[in-house]
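Engineer: Pasting a structure here, questions to come.
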Amino acid sequence: MGLFDFFRKAAPEAPVAAPAEAAIGDAGVDFMAAIEAHIRWKVRLEQYIDGNSAEKLDPVIVGMDNQCLLGKWIYGIGGEKYGANPLFQEVKEIHTEFHKCSAGIMCQADGGDREGAIQALHLGDHFKHSQRIKAKLARLHLELSGGE
């Protein structure tokens, strides 16, 4: 048995849809994990559009902004602690739109408009919301951590 075999057996397999699930703690959220998870959506959606996704993604679930790591934090401890913060509210709104756009792209692909779905992913509102959520999360992290 090799070194890595030991770790594979010792570590439980994490579900594909929630790679950063353990990042939520009493203090809040792992902002870098949340940013990385939302960056990965581009690849996940490309694979879905191409029909190459190993995941079983449901547009109804994807469109819900409270199912991912960040969404659980926003509607849980994050909202309780920082709900009055204007930047937090911006993150919440952008995050909602990000998930709506993701689901819309999936529905577009499911309807047979794969080219339109790719265009929406790379040039449409999804691209805009993806850029904004990353930037706003980084700013919120700096604000809440005192610039550390």
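A note on labels: chains of the structure tokens are A, B, ... as shown, every chain counts residues from 1, and ligands are counted from 1 in their shown order.
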For A:Gly76, list every protein, DNA or RNA residue within 12 Å, evaluated using only C-alpha atoms, and leave out those in the same chain fewer than 2 positions away; present the list as a ChimeraX atom specification.
Structural biologist: /A:24-29,66-74,78-83,92
Engineer: Taking 4 positions as the minimum chain separation for residues in the same chain, which residues sit within 10 Å of stretch 104-111 of chain A when counting only C-alpha atoms? Answer as a list in words.
Structural biologist: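 With the cut-off at 10 Å, the set is Leu45, Glu46, Tyr48, Ile49, Asp50, Gly51, Leu57, Asp58, Pro59, Val60, Val62, Gly63, Phe98, His99, Lys100, Glu115, Gly116, Ala117, Ile118, Gln119, Ala120, Leu121, Gly124 and His126 of chain A.
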Engineer: Can you write out the residues you just picked, keeping C-alpha atoms, as a short mmCIF file (atom, residue, chain, number, x, y, z; two decimals), in the first residue's frame?
Structural biologist:
data_model
loop_
_atom_site.label_atom_id
_atom_site.label_comp_id
_atom_site.auth_asym_id
_atom_site.auth_seq_id
_atom_site.Cartn_x
_atom_site.Cartn_y
_atom_site.Cartn_z
CA LEU A 45 -21.64 24.70 -17.45
CA GLU A 46 -19.42 24.18 -20.49
CA TYR A 48 -23.18 20.48 -19.26
CA ILE A 49 -23.76 22.31 -22.54
CA ASP A 50 -21.46 19.89 -24.39
CA GLY A 51 -23.19 16.91 -22.83
CA LEU A 57 -27.15 18.88 -12.51
CA ASP A 58 -30.74 20.04 -12.20
CA PRO A 59 -31.47 23.57 -13.46
CA VAL A 60 -34.11 24.02 -10.74
CA VAL A 62 -28.77 25.25 -9.72
CA GLY A 63 -31.09 28.25 -9.95
CA PHE A 98 -25.51 34.38 -10.92
CA HIS A 99 -27.55 31.30 -10.07
CA LYS A 100 -30.54 32.42 -12.13
CA GLU A 115 -24.66 27.81 -29.34
CA GLY A 116 -26.82 30.39 -27.58
CA ALA A 117 -26.00 28.83 -24.23
CA ILE A 118 -22.26 29.08 -24.94
CA GLN A 119 -22.68 32.72 -26.00
CA ALA A 120 -24.64 33.48 -22.83
CA LEU A 121 -21.99 31.77 -20.72
CA GLY A 124 -23.85 37.44 -21.51
CA HIS A 126 -23.59 35.12 -16.58
#
Engineer: To one decimal place, how far is atom CA of A:Glu93 from atom CA of A:Gly146 in Å?
Structural biologist: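 Separation between atom CA of A:Glu93 and atom CA of A:Gly146: 22.9 Å.
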Engineer: I'd like to know which of A:Leu123, A:Ile133, A:Ile61, A:Ala103 is closest to A:Gln89, using only C-alpha atoms.
Structural biologist: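 Of all the options, A:Ile133 lies closest to A:Gln89.
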Engineer: Tell me, which residues of stretch 44-109 of chain A carry DSSP helix (DSSP H, G or I), written as a ChimeraX atom specification?
Structural biologist: /A:44-50,59-62,69-74,77-82,86-109
Engineer: Skipping near chain neighbours, those fewer than 5 positions away, what residues fall within 9 Å of stretch 40-43 of chain A using only C-alpha atoms, listed as a list of chain:residue names?
Structural biologist: A:Ile35, A:Tyr48, A:Ser102, A:Leu121, A:His122, A:Phe127, A:Ser130
Engineer: As an exercise, work out the distance from atom CA of A:Ile39 to atom CA of A:His95 in Å and give it to one decimal place.
Structural biologist: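 We find that atom CA of A:Ile39 and atom CA of A:His95 lie 12.5 Å from each other.
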Engineer: List as a ChimeraX atom specification the protein and nucleic acid residues near A:Arg132, meaning an atom at most 8 Å away when only C-alpha atoms are counted, but skip any in the same chain fewer than 4 places from it.
Structural biologist: /A:94,128,136
Engineer: When you look at A:Glu143 with a cut-off of 12 Å (counting only C-alpha atoms), what residues show up, excluding the ones that are within fewer than 3 positions of it in the same chain? I need them as an MDAnalysis selection string.
Structural biologist: chainID A and resid 31 82 85:88 136:140 146:148
Engineer: Counting only C-alpha atoms, figure out which residue out of A:His141, A:Lys134, A:Arg44, A:His129 gets nearest to A:Thr96.
Structural biologist: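 Of the candidates, the smallest distance to A:Thr96 is held by A:His129.
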